[in-house]
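Asker: upload.cif is reproduced in full below (mmCIF, C-alpha atoms and all ligand atoms).
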```
data_coords
#
loop_
_atom_site.group_PDB
_atom_site.id
_atom_site.type_symbol
_atom_site.label_atom_id
_atom_site.label_comp_id
_atom_site.auth_asym_id
_atom_site.auth_seq_id
_atom_site.Cartn_x
_atom_site.Cartn_y
_atom_site.Cartn_z
ATOM 1 C CA MET A 1 77.583 -42.710 -175.726
ATOM 2 C CA PRO A 2 75.160 -45.014 -177.592
ATOM 3 C CA ASP A 3 71.515 -45.077 -176.448
ATOM 4 C CA ILE A 4 71.485 -47.980 -173.982
ATOM 5 C CA THR A 5 67.710 -48.288 -174.111
ATOM 6 C CA THR A 6 67.868 -49.843 -177.596
ATOM 7 C CA PRO A 7 69.228 -53.268 -178.664
ATOM 8 C CA SER A 8 71.657 -51.649 -181.114
ATOM 9 C CA GLY A 9 72.898 -49.240 -178.411
ATOM 10 C CA VAL A 10 73.491 -52.145 -176.013
ATOM 11 C CA LYS A 11 75.347 -54.109 -178.700
ATOM 12 C CA ASP A 12 77.472 -51.045 -179.565
ATOM 13 C CA ILE A 13 78.499 -50.392 -176.017
ATOM 14 C CA LEU A 14 79.320 -54.060 -175.361
ATOM 15 C CA LYS A 15 81.462 -54.031 -178.507
ATOM 16 C CA GLN A 16 83.150 -50.784 -177.529
ATOM 17 C CA TYR A 17 84.180 -52.264 -174.154
ATOM 18 C CA ASP A 18 84.832 -55.724 -175.612
ATOM 19 C CA ILE A 19 82.335 -57.388 -173.262
ATOM 20 C CA ASN A 20 80.621 -60.725 -173.867
ATOM 21 C CA ILE A 21 77.308 -61.234 -172.131
ATOM 22 C CA ASN A 22 77.517 -63.406 -169.024
ATOM 23 C CA ARG A 23 74.285 -65.402 -169.007
ATOM 24 C CA ALA A 24 75.133 -66.978 -165.677
ATOM 25 C CA LEU A 25 74.734 -63.490 -164.140
ATOM 26 C CA GLY A 26 71.281 -63.073 -165.708
ATOM 27 C CA GLN A 27 72.425 -60.330 -168.081
ATOM 28 C CA ASN A 28 69.261 -59.469 -170.001
ATOM 29 C CA PHE A 29 69.273 -55.726 -170.514
ATOM 30 C CA LEU A 30 66.089 -53.678 -170.587
ATOM 31 C CA VAL A 31 65.826 -52.007 -173.998
ATOM 32 C CA ASP A 32 62.380 -50.419 -173.906
ATOM 33 C CA SER A 33 61.897 -46.899 -172.597
ATOM 34 C CA ASN A 34 58.142 -47.426 -171.967
ATOM 35 C CA ILE A 35 58.873 -50.273 -169.566
ATOM 36 C CA LEU A 36 61.598 -48.216 -167.888
ATOM 37 C CA GLU A 37 58.998 -45.508 -167.322
ATOM 38 C CA LYS A 38 56.605 -48.075 -165.846
ATOM 39 C CA VAL A 39 59.250 -49.262 -163.379
ATOM 40 C CA ILE A 40 59.948 -45.658 -162.326
ATOM 41 C CA ASP A 41 56.196 -44.928 -161.981
ATOM 42 C CA ALA A 42 55.727 -48.102 -159.903
ATOM 43 C CA ALA A 43 58.418 -46.887 -157.494
ATOM 44 C CA CYS A 44 56.403 -43.664 -156.731
ATOM 45 C CA LEU A 45 59.633 -41.705 -156.255
ATOM 46 C CA GLU A 46 60.008 -38.215 -154.850
ATOM 47 C CA SER A 47 62.921 -36.084 -155.989
ATOM 48 C CA GLY A 48 64.835 -36.411 -152.702
ATOM 49 C CA ASP A 49 64.471 -40.189 -152.275
ATOM 50 C CA ASN A 50 67.425 -42.519 -151.854
ATOM 51 C CA VAL A 51 67.400 -45.705 -153.901
ATOM 52 C CA VAL A 52 69.344 -48.941 -153.813
ATOM 53 C CA GLU A 53 69.559 -50.585 -157.248
ATOM 54 C CA ILE A 54 70.782 -54.169 -157.545
ATOM 55 C CA GLY A 55 72.329 -55.200 -160.858
ATOM 56 C CA PRO A 56 72.454 -51.897 -162.799
ATOM 57 C CA GLY A 57 74.033 -53.636 -165.824
ATOM 58 C CA LEU A 58 74.740 -50.987 -168.461
ATOM 59 C CA GLY A 59 72.805 -48.361 -166.527
ATOM 60 C CA ALA A 60 69.455 -48.067 -168.345
ATOM 61 C CA LEU A 61 67.415 -48.086 -165.134
ATOM 62 C CA THR A 62 70.149 -46.249 -163.214
ATOM 63 C CA GLY A 63 69.958 -43.359 -165.704
ATOM 64 C CA ALA A 64 66.184 -43.143 -165.280
ATOM 65 C CA LEU A 65 66.609 -43.179 -161.489
ATOM 66 C CA VAL A 66 69.273 -40.468 -161.562
ATOM 67 C CA ASP A 67 66.924 -38.258 -163.601
ATOM 68 C CA ALA A 68 64.017 -38.918 -161.218
ATOM 69 C CA LEU A 69 66.066 -38.151 -158.090
ATOM 70 C CA PRO A 70 67.836 -34.797 -158.494
ATOM 71 C CA GLN A 71 68.044 -34.353 -154.712
ATOM 72 C CA GLY A 72 68.417 -38.007 -153.776
ATOM 73 C CA GLN A 73 71.093 -40.654 -154.057
ATOM 74 C CA VAL A 74 71.330 -43.863 -156.093
ATOM 75 C CA MET A 75 73.497 -46.660 -154.759
ATOM 76 C CA ALA A 76 73.972 -49.065 -157.689
ATOM 77 C CA VAL A 77 75.495 -52.460 -156.858
ATOM 78 C CA GLU A 78 76.885 -54.453 -159.795
ATOM 79 C CA LYS A 79 78.796 -57.726 -159.520
ATOM 80 C CA ASP A 80 80.388 -57.773 -163.005
ATOM 81 C CA SER A 81 83.531 -55.611 -162.925
ATOM 82 C CA ARG A 82 83.463 -55.096 -166.714
ATOM 83 C CA LEU A 83 79.987 -53.528 -166.436
ATOM 84 C CA CYS A 84 81.131 -51.465 -163.441
ATOM 85 C CA GLN A 85 83.708 -49.835 -165.713
ATOM 86 C CA VAL A 86 80.946 -48.858 -168.181
ATOM 87 C CA LEU A 87 78.810 -47.523 -165.330
ATOM 88 C CA GLN A 88 81.664 -45.512 -163.850
ATOM 89 C CA ASP A 89 82.374 -43.905 -167.218
ATOM 90 C CA LEU A 90 78.683 -43.300 -167.897
ATOM 91 C CA PHE A 91 77.926 -41.647 -164.568
ATOM 92 C CA GLN A 92 81.241 -39.940 -163.795
ATOM 93 C CA GLU A 93 79.654 -36.494 -164.079
ATOM 94 C CA GLU A 94 76.695 -37.347 -161.834
ATOM 95 C CA ASP A 95 77.131 -36.651 -158.150
ATOM 96 C CA ASN A 96 73.956 -38.470 -157.070
ATOM 97 C CA VAL A 97 75.004 -41.961 -158.171
ATOM 98 C CA GLU A 98 77.506 -44.253 -156.531
ATOM 99 C CA VAL A 99 78.532 -47.426 -158.365
ATOM 100 C CA ILE A 100 79.550 -50.212 -156.025
ATOM 101 C CA CYS A 101 81.311 -53.097 -157.706
ATOM 102 C CA ARG A 102 80.334 -55.959 -155.400
ATOM 103 C CA ASP A 103 78.183 -59.065 -155.164
ATOM 104 C CA ALA A 104 74.901 -57.833 -153.639
ATOM 105 C CA LEU A 105 74.597 -61.071 -151.672
ATOM 106 C CA GLU A 106 77.927 -60.552 -149.940
ATOM 107 C CA ILE A 107 77.434 -57.006 -148.726
ATOM 108 C CA ASP A 108 76.920 -56.117 -145.085
ATOM 109 C CA TRP A 109 73.799 -54.126 -145.908
ATOM 110 C CA ALA A 110 73.027 -52.867 -142.411
ATOM 111 C CA GLU A 111 76.496 -51.283 -142.292
ATOM 112 C CA GLU A 112 76.343 -49.873 -145.841
ATOM 113 C CA LEU A 113 72.914 -48.325 -145.295
ATOM 114 C CA THR A 114 73.898 -46.787 -141.976
ATOM 115 C CA SER A 115 77.140 -45.335 -143.327
ATOM 116 C CA ARG A 116 75.189 -43.554 -146.085
ATOM 117 C CA SER A 117 72.514 -41.966 -143.918
ATOM 118 C CA PHE A 118 69.937 -44.085 -145.788
ATOM 119 C CA LYS A 119 69.024 -45.270 -142.302
ATOM 120 C CA GLU A 120 67.849 -41.836 -141.067
ATOM 121 C CA GLU A 121 66.531 -40.550 -144.373
ATOM 122 C CA GLY A 122 64.884 -43.784 -145.543
ATOM 123 C CA TYR A 123 65.393 -45.538 -148.860
ATOM 124 C CA ARG A 124 63.651 -47.578 -151.532
ATOM 125 C CA VAL A 125 64.855 -50.578 -153.528
ATOM 126 C CA VAL A 126 64.353 -50.667 -157.295
ATOM 127 C CA ALA A 127 65.831 -53.375 -159.519
ATOM 128 C CA ASN A 128 65.560 -55.379 -162.670
ATOM 129 C CA LEU A 129 66.782 -58.425 -160.821
ATOM 130 C CA PRO A 130 68.917 -61.214 -162.175
ATOM 131 C CA TYR A 131 66.452 -64.061 -161.715
ATOM 132 C CA TYR A 132 68.893 -66.402 -160.009
ATOM 133 C CA ILE A 133 69.096 -64.105 -156.958
ATOM 134 C CA THR A 134 65.444 -62.995 -156.815
ATOM 135 C CA SER A 135 64.464 -64.918 -153.677
ATOM 136 C CA PRO A 136 67.569 -64.156 -151.572
ATOM 137 C CA ILE A 137 67.476 -60.440 -152.462
ATOM 138 C CA ILE A 138 63.754 -60.109 -151.703
ATOM 139 C CA ARG A 139 64.213 -61.959 -148.446
ATOM 140 C CA LEU A 140 67.228 -59.852 -147.502
ATOM 141 C CA PHE A 141 65.404 -56.550 -147.980
ATOM 142 C CA LEU A 142 62.220 -57.746 -146.283
ATOM 143 C CA GLU A 143 64.028 -58.846 -143.157
ATOM 144 C CA ILE A 144 66.627 -56.093 -142.935
ATOM 145 C CA SER A 145 66.568 -53.229 -140.487
ATOM 146 C CA PRO A 146 66.222 -50.413 -141.477
ATOM 147 C CA ALA A 147 63.434 -51.651 -143.773
ATOM 148 C CA PRO A 148 63.040 -49.974 -147.182
ATOM 149 C CA GLU A 149 59.933 -47.821 -147.685
ATOM 150 C CA SER A 150 59.055 -49.832 -150.787
ATOM 151 C CA LEU A 151 60.561 -52.371 -153.154
ATOM 152 C CA VAL A 152 59.957 -52.497 -156.886
ATOM 153 C CA PHE A 153 61.373 -55.436 -158.780
ATOM 154 C CA MET A 154 61.235 -56.842 -162.256
ATOM 155 C CA VAL A 155 60.916 -60.568 -161.619
ATOM 156 C CA GLN A 156 60.058 -63.722 -163.507
ATOM 157 C CA LYS A 157 56.259 -63.761 -164.005
ATOM 158 C CA GLU A 158 55.809 -67.127 -162.382
ATOM 159 C CA VAL A 159 57.690 -65.992 -159.243
ATOM 160 C CA GLY A 160 55.708 -62.733 -159.074
ATOM 161 C CA GLU A 161 52.451 -64.674 -159.305
ATOM 162 C CA ARG A 162 53.512 -67.023 -156.528
ATOM 163 C CA ILE A 163 54.471 -64.079 -154.317
ATOM 164 C CA ALA A 164 51.157 -62.260 -154.872
ATOM 165 C CA ALA A 165 48.907 -65.367 -154.804
ATOM 166 C CA ASP A 166 45.739 -65.410 -152.676
ATOM 167 C CA PRO A 167 44.948 -68.203 -150.187
ATOM 168 C CA GLY A 168 43.372 -71.203 -151.890
ATOM 169 C CA SER A 169 44.840 -70.493 -155.345
ATOM 170 C CA LYS A 170 47.205 -72.936 -157.055
ATOM 171 C CA ASP A 171 50.171 -70.540 -156.806
ATOM 172 C CA TYR A 172 49.721 -69.929 -153.076
ATOM 173 C CA GLY A 173 52.482 -71.476 -150.962
ATOM 174 C CA THR A 174 55.378 -70.889 -148.599
ATOM 175 C CA LEU A 175 56.878 -68.167 -150.842
ATOM 176 C CA SER A 176 53.571 -66.219 -150.823
ATOM 177 C CA ILE A 177 53.419 -66.341 -147.039
ATOM 178 C CA ALA A 178 57.137 -65.660 -146.515
ATOM 179 C CA VAL A 179 56.731 -62.418 -148.499
ATOM 180 C CA GLN A 180 53.185 -61.415 -147.453
ATOM 181 C CA TYR A 181 54.144 -61.725 -143.779
ATOM 182 C CA TYR A 182 56.487 -58.749 -144.323
ATOM 183 C CA ALA A 183 54.926 -56.790 -147.171
ATOM 184 C CA GLU A 184 51.820 -56.367 -149.257
ATOM 185 C CA PRO A 185 52.574 -57.475 -152.854
ATOM 186 C CA GLU A 186 51.136 -55.845 -155.956
ATOM 187 C CA LEU A 187 51.621 -57.067 -159.525
ATOM 188 C CA ILE A 188 51.909 -53.850 -161.482
ATOM 189 C CA TYR A 189 52.561 -54.791 -165.085
ATOM 190 C CA GLN A 190 53.218 -57.828 -167.237
ATOM 191 C CA VAL A 191 56.379 -57.569 -169.319
ATOM 192 C CA PRO A 192 57.098 -59.625 -172.484
ATOM 193 C CA PRO A 193 60.580 -61.068 -173.250
ATOM 194 C CA THR A 194 60.838 -58.735 -176.282
ATOM 195 C CA VAL A 195 61.734 -55.714 -174.097
ATOM 196 C CA PHE A 196 65.077 -57.290 -173.127
ATOM 197 C CA TRP A 197 68.240 -57.909 -175.062
ATOM 198 C CA PRO A 198 69.140 -60.693 -175.235
ATOM 199 C CA ARG A 199 65.611 -62.057 -174.856
ATOM 200 C CA PRO A 200 65.040 -64.259 -171.818
ATOM 201 C CA GLU A 201 62.956 -67.405 -172.205
ATOM 202 C CA VAL A 202 60.398 -66.343 -169.638
ATOM 203 C CA GLU A 203 57.869 -63.551 -169.175
ATOM 204 C CA SER A 204 58.395 -61.002 -166.422
ATOM 205 C CA VAL A 205 56.312 -58.774 -164.181
ATOM 206 C CA ILE A 206 56.876 -55.533 -162.326
ATOM 207 C CA LEU A 207 56.220 -56.338 -158.691
ATOM 208 C CA ARG A 208 55.818 -53.793 -155.898
ATOM 209 C CA LEU A 209 56.161 -54.763 -152.237
ATOM 210 C CA ASN A 210 54.859 -52.356 -149.593
ATOM 211 C CA PRO A 211 56.319 -53.302 -146.202
ATOM 212 C CA GLY A 212 54.304 -50.736 -144.151
ATOM 213 C CA GLY A 213 51.143 -52.309 -142.703
ATOM 214 C CA ASN A 214 52.181 -55.958 -142.631
ATOM 215 C CA ARG A 215 55.057 -55.244 -140.245
ATOM 216 C CA GLU A 216 52.629 -54.513 -137.388
ATOM 217 C CA GLU A 217 51.031 -57.935 -137.101
ATOM 218 C CA ARG A 218 53.913 -60.113 -135.863
ATOM 219 C CA ALA A 219 53.881 -63.710 -134.668
ATOM 220 C CA ASP A 220 54.790 -64.047 -130.980
ATOM 221 C CA ASN A 221 57.230 -66.789 -131.952
ATOM 222 C CA GLU A 222 58.446 -66.370 -135.546
ATOM 223 C CA LYS A 223 60.405 -69.631 -135.592
ATOM 224 C CA LEU A 224 57.238 -71.534 -134.669
ATOM 225 C CA PHE A 225 55.206 -69.516 -137.200
ATOM 226 C CA PHE A 226 57.481 -70.558 -140.080
ATOM 227 C CA GLN A 227 57.600 -74.170 -138.851
ATOM 228 C CA ILE A 228 53.803 -74.211 -138.974
ATOM 229 C CA VAL A 229 53.784 -72.649 -142.445
ATOM 230 C CA ARG A 230 56.142 -75.360 -143.709
ATOM 231 C CA ALA A 231 54.084 -78.097 -142.034
ATOM 232 C CA LEU A 232 50.889 -76.826 -143.681
ATOM 233 C CA PHE A 233 52.420 -76.783 -147.159
ATOM 234 C CA GLN A 234 54.663 -79.836 -146.986
ATOM 235 C CA GLN A 235 51.659 -82.042 -147.604
ATOM 236 C CA ARG A 236 49.270 -79.581 -149.153
ATOM 237 C CA ARG A 237 46.606 -82.181 -150.070
ATOM 238 C CA LYS A 238 46.139 -83.105 -146.416
ATOM 239 C CA THR A 239 43.715 -81.501 -143.965
ATOM 240 C CA ILE A 240 45.112 -78.960 -141.497
ATOM 241 C CA ARG A 241 44.575 -81.438 -138.687
ATOM 242 C CA ASN A 242 46.626 -84.148 -140.402
ATOM 243 C CA SER A 243 49.425 -81.980 -141.699
ATOM 244 C CA LEU A 244 49.969 -80.344 -138.301
ATOM 245 C CA SER A 245 49.919 -83.550 -136.318
ATOM 246 C CA ARG A 246 52.485 -85.040 -138.745
ATOM 247 C CA ALA A 247 54.710 -81.951 -138.893
ATOM 248 C CA ALA A 248 58.334 -82.917 -139.524
ATOM 249 C CA GLU A 249 59.975 -80.051 -137.631
ATOM 250 C CA ILE A 250 57.733 -79.749 -134.549
ATOM 251 C CA ASP A 251 56.296 -82.381 -132.309
ATOM 252 C CA LEU A 252 52.580 -81.535 -132.048
ATOM 253 C CA SER A 253 50.356 -84.233 -130.578
ATOM 254 C CA ARG A 254 46.962 -84.789 -132.181
ATOM 255 C CA GLU A 255 45.341 -83.666 -128.946
ATOM 256 C CA LEU A 256 47.299 -80.401 -128.927
ATOM 257 C CA VAL A 257 46.431 -79.799 -132.592
ATOM 258 C CA ASP A 258 42.733 -80.370 -131.863
ATOM 259 C CA ARG A 259 42.833 -77.954 -128.919
ATOM 260 C CA ALA A 260 44.613 -75.276 -130.957
ATOM 261 C CA LEU A 261 42.229 -75.597 -133.895
ATOM 262 C CA GLU A 262 39.206 -75.508 -131.622
ATOM 263 C CA ARG A 263 40.495 -72.380 -129.892
ATOM 264 C CA SER A 264 41.211 -70.697 -133.247
ATOM 265 C CA GLY A 265 37.781 -71.520 -134.701
ATOM 266 C CA ILE A 266 39.463 -72.927 -137.845
ATOM 267 C CA ASP A 267 37.734 -75.977 -139.371
ATOM 268 C CA PRO A 268 40.249 -78.882 -138.930
ATOM 269 C CA ARG A 269 39.026 -80.499 -142.177
ATOM 270 C CA ILE A 270 40.098 -77.723 -144.539
ATOM 271 C CA ARG A 271 43.532 -77.650 -146.164
ATOM 272 C CA GLY A 272 46.334 -75.389 -144.963
ATOM 273 C CA GLU A 273 46.463 -73.666 -148.341
ATOM 274 C CA LYS A 274 43.126 -71.966 -147.512
ATOM 275 C CA LEU A 275 44.621 -69.980 -144.612
ATOM 276 C CA SER A 276 45.869 -66.419 -144.956
ATOM 277 C CA TRP A 277 49.188 -65.487 -143.325
ATOM 278 C CA GLN A 278 47.221 -63.564 -140.653
ATOM 279 C CA GLU A 279 45.227 -66.706 -139.755
ATOM 280 C CA ILE A 280 48.463 -68.683 -139.528
ATOM 281 C CA VAL A 281 49.933 -65.997 -137.227
ATOM 282 C CA GLU A 282 46.891 -66.360 -134.939
ATOM 283 C CA LEU A 283 47.145 -70.145 -135.016
ATOM 284 C CA SER A 284 50.876 -70.110 -134.263
ATOM 285 C CA ASN A 285 50.265 -67.712 -131.338
ATOM 286 C CA ILE A 286 47.758 -70.217 -129.909
ATOM 287 C CA PHE A 287 50.253 -73.073 -130.331
ATOM 288 C CA ASN A 288 52.884 -70.909 -128.660
ATOM 289 C CA VAL A 289 50.673 -70.542 -125.553
ATOM 290 C CA LEU A 290 49.632 -74.222 -125.521
ATOM 291 C CA LEU A 291 53.208 -75.472 -125.962
ATOM 292 C CA ALA A 292 54.341 -73.240 -123.061
ATOM 293 C CA GLU A 293 51.527 -74.690 -120.886
ATOM 294 C CA VAL A 294 52.524 -78.265 -121.799
ATOM 295 C CA GLY A 295 56.171 -77.435 -121.058
ATOM 296 C CA ASP A 296 55.404 -75.948 -117.601
HETATM 297 N N1 LIG B 1 69.488 -53.164 -164.655
HETATM 298 C C1 LIG B 1 69.943 -53.561 -165.962
HETATM 299 C C2 LIG B 1 68.820 -53.394 -166.959
HETATM 300 O O1 LIG B 1 67.671 -53.274 -166.503
HETATM 301 O O2 LIG B 1 69.079 -53.389 -168.158
HETATM 302 C C3 LIG B 1 70.492 -54.987 -165.988
HETATM 303 C C4 LIG B 1 69.582 -56.035 -165.451
HETATM 304 S S1 LIG B 1 70.167 -57.668 -165.669
HETATM 305 C C5 LIG B 1 68.641 -58.542 -165.628
HETATM 306 C C6 LIG B 1 70.854 -58.120 -164.110
HETATM 307 C C7 LIG B 1 72.172 -57.462 -163.710
HETATM 308 O O3 LIG B 1 72.545 -57.929 -162.393
HETATM 309 C C8 LIG B 1 73.369 -57.797 -164.578
HETATM 310 O O4 LIG B 1 74.038 -56.605 -164.886
HETATM 311 C C9 LIG B 1 74.264 -58.693 -163.727
HETATM 312 O O5 LIG B 1 75.637 -58.579 -164.014
HETATM 313 C C10 LIG B 1 73.945 -58.182 -162.340
HETATM 314 N N2 LIG B 1 74.170 -59.163 -161.260
HETATM 315 C C11 LIG B 1 74.045 -60.500 -161.327
HETATM 316 N N3 LIG B 1 74.284 -61.054 -160.127
HETATM 317 C C12 LIG B 1 74.559 -60.043 -159.265
HETATM 318 C C13 LIG B 1 74.892 -59.985 -157.888
HETATM 319 N N4 LIG B 1 74.979 -61.080 -157.167
HETATM 320 N N5 LIG B 1 75.104 -58.777 -157.316
HETATM 321 C C14 LIG B 1 75.009 -57.633 -158.073
HETATM 322 N N6 LIG B 1 74.705 -57.632 -159.384
HETATM 323 C C15 LIG B 1 74.476 -58.819 -159.980
#
```
I'd like the structure from this file rewritten - as structure tokens, please.
Ligand code: SAM
Answerer:
Amino acid sequence: MPDITTPSGVKDILKQYDININRALGQNFLVDSNILEKVIDAACLESGDNVVEIGPGLGALTGALVDALPQGQVMAVEKDSRLCQVLQDLFQEEDNVEVICRDALEIDWAEELTSRSFKEEGYRVVANLPYYITSPIIRLFLEISPAPESLVFMVQKEVGERIAADPGSKDYGTLSIAVQYYAEPELIYQVPPTVFWPRPEVESVILRLNPGGNREERADNEKLFFQIVRALFQQRRKTIRNSLSRAAEIDLSRELVDRALERSGIDPRIRGEKLSWQEIVELSNIFNVLLAEVGD
């Protein structure tokens, strides 16, 4: 087998199997063993861990995972059936890797995880993600039960920066809050396009998401919480008071907004983009109580 962590090895194997790259599936293969090592380090794996990998491609990351997990299991989900054939041949001798030839967005994950005992034993998610499914995959694994112990993804730099952005910064927005509500993000390492073949047009980052702590502080009414988040960022140049009293999805009178802001201690003249997700949880809990009182 050619060395799949080099551009020439990737080209050889594609030629051997008569495969043309499918750009629509985000097929940019990682061809740098240092970066592979960084992804594995970021995942903080123990030898008995179970890992879900989305988009194993030609198996560069899968191979590194198999080596790192002699007592664990790797469930590698690849949509492209031609690549699945390569993966099946490559890992036929390994009993700790299972190649699943499916679209990761169409899998009933709760059922798959339960049937593999990943539910009782726990699992992590590690992936060099095709960029076109980054948001749905992250969302899926943040909201799913059982939750993964950690998630390590290679993502487009700009998306990683938006996810990890602090309140008040230019990148901070609904994506930051939608992720930070479930998990603490950490940008681990910046990755240049040169470590992939073919080279993508964008830079990437290794992003780690730690679901642990953030799962304890829940909004009393999550639907209302996300409606408030969207209202705050729909018109991000407006003050909190104005954006909430003109929210498109919820009918909040100016009087109710003033009462909620007064009770929360938040200055009504600042912009929504200054609030952390925890402050928005507190604010939405206050609205939840006030709206119930108005409804009674
Ligand atoms: N993990 C490999 C690596 O690091 O070299 C390949 C990464 S490449 C960026 C993304 C991989 O995801 C491709 O192999 C592509 O075929 C696969 N893929 C794209 N869409 C997918 C989907 N919906 N479900 C599962 N795999 C998908």
Asker: Would you work out the distance separating CA of Glu273 in chain A from CA of Gln235 in chain A, expressed in Å to one decimal?
Answerer: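 Between CA of Glu273 in chain A and CA of Gln235 in chain A the gap works out to 9.9 Å.
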Asker: Enumerate, as a PyMOL selection string, the residues matched when the PyMOL selection byres (((not hetatm)) within 8 of (chain B and resi 1)) is run on the file above.
Answerer: chain A and resi 5+22+24-31+53-62+77-80+83+101-106+127-133+196
Asker: Under the PyMOL selection byres (((chain A and resi 223) around 12) and not hetatm), which residues of this model are included? Write them out as a list in words.
Answerer: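 Checking the PyMOL selection byres (((chain A and resi 223) around 12) and not hetatm) against this file, the residues are Arg218, Ala219, Asp220, Asn221, Glu222, Leu224, Phe225, Phe226, Gln227, Ile228, Val229, Arg230, Glu249, Ile250, Val281, Ser284, Asn285, Phe287 and Asn288 of chain A.
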Asker: If you apply the PyMOL selection byres (((chain A and resi 252) around 12) and not hetatm) to this file, what residues do you get, as a list in words?
Answerer: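 With the shown file as input, the PyMOL selection byres (((chain A and resi 252) around 12) and not hetatm) matches Leu224, Gln227, Ile228, Ala231, Arg241, Asn242, Ser243, Leu244, Ser245, Arg246, Ala247, Ala248, Glu249, Ile250, Asp251, Ser253, Arg254, Glu255, Leu256, Val257, Asp258, Arg259, Ala260, Ser284, Phe287, Asn288, Leu290, Leu291 and Val294 of chain A.
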Asker: Gln85 in chain A: which residues within 10 Å, counting only C-alpha atoms, same-chain residues fewer than 3 positions away excluded, as a PyMOL selection string?
Answerer: chain A and resi 17+58+80-82+88-90+99+101
Asker: Kindly indicate which residue among A:Met1, A:Val10, A:Leu275, A:Leu151 lies nearest to Val179 in chain A, using all atoms listed in the file for the distances.
Answerer: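 Of A:Met1, A:Val10, A:Leu275, A:Leu151, the one nearest Val179 in chain A, counting all atoms listed in the file, is A:Leu151.
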Asker: Taking into account all atoms listed in the file, which residue in the set A:Glu217, A:Glu184, A:Glu121, A:Glu112 is nearest to Ala164 in chain A?
Answerer: A:Glu184
Asker: Quick one: residues within 6 Å of Lys157 in chain A, all atoms listed in the file counted, chain neighbours fewer than 4 positions away excluded, as a PyMOL selection string?
Answerer: chain A and resi 203-205
Asker: Quick check, in Å to one decimal: how far apart do CA of Ile206 in chain A and CA of Val39 in chain A lie?
Answerer: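 Spanning CA of Ile206 in chain A to CA of Val39 in chain A is a straight-line distance of 6.8 Å.
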Asker: Please, what distance in Å, to one decimal, runs between CA of Ala178 in chain A and CA of Gly272 in chain A?
Answerer: 14.6 Å
Asker: Measuring between all atoms listed in the file, which one of A:Leu140, A:Ala292, A:Leu207, A:Val125 shows the shortest distance to Val155 in chain A?
Answerer: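 Using all atoms listed in the file, the shortest distance to Val155 in chain A belongs to A:Leu207.
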Asker: A:Gln92, A:Arg236, A:Gly265, A:Asn210: which is nearest Asp171 in chain A, counting all atoms listed in the file?
Answerer: A:Arg236
Asker: Please tell me which residues are no farther than 7 Å from (59.7, -53.2, -167.6) in the file, counting all atoms listed in the file, and write them as a list in words.
Answerer: Ile35, Leu36, Lys38, Val39, Met154, Val191 and Ile206 of chain A
Asker: Each residue of range 78-164 of chain A with at least one atom at most 10 Å from range 40-47 of chain A should appear once, together with its nearest atom pair and the corresponding distance in Å (one decimal); atoms considered: all atoms listed in the file; ordering: chain, then increasing residue number; output as a tab-separated table.
Answerer:
```
residue	atom	partner	partner_atom	distance
A:Arg124	CA	A:Ala43	CA	8.0
A:Val125	CA	A:Ala43	CA	8.4
A:Val126	CA	A:Ala43	CA	7.0
A:Glu149	CA	A:Ala43	CA	10.0
A:Ser150	CA	A:Ala43	CA	7.4
A:Leu151	CA	A:Ala43	CA	7.3
A:Val152	CA	A:Ala43	CA	5.8
A:Phe153	CA	A:Ala43	CA	9.1
```
Asker: Please determine, counting all atoms listed in the file, which residue among A:Pro193, A:Glu282, A:Pro146, A:Leu14 has the shortest atom-to-atom distance to Thr114 in chain A.
Answerer: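 Using all atoms listed in the file, Thr114 in chain A sits closest to A:Pro146.
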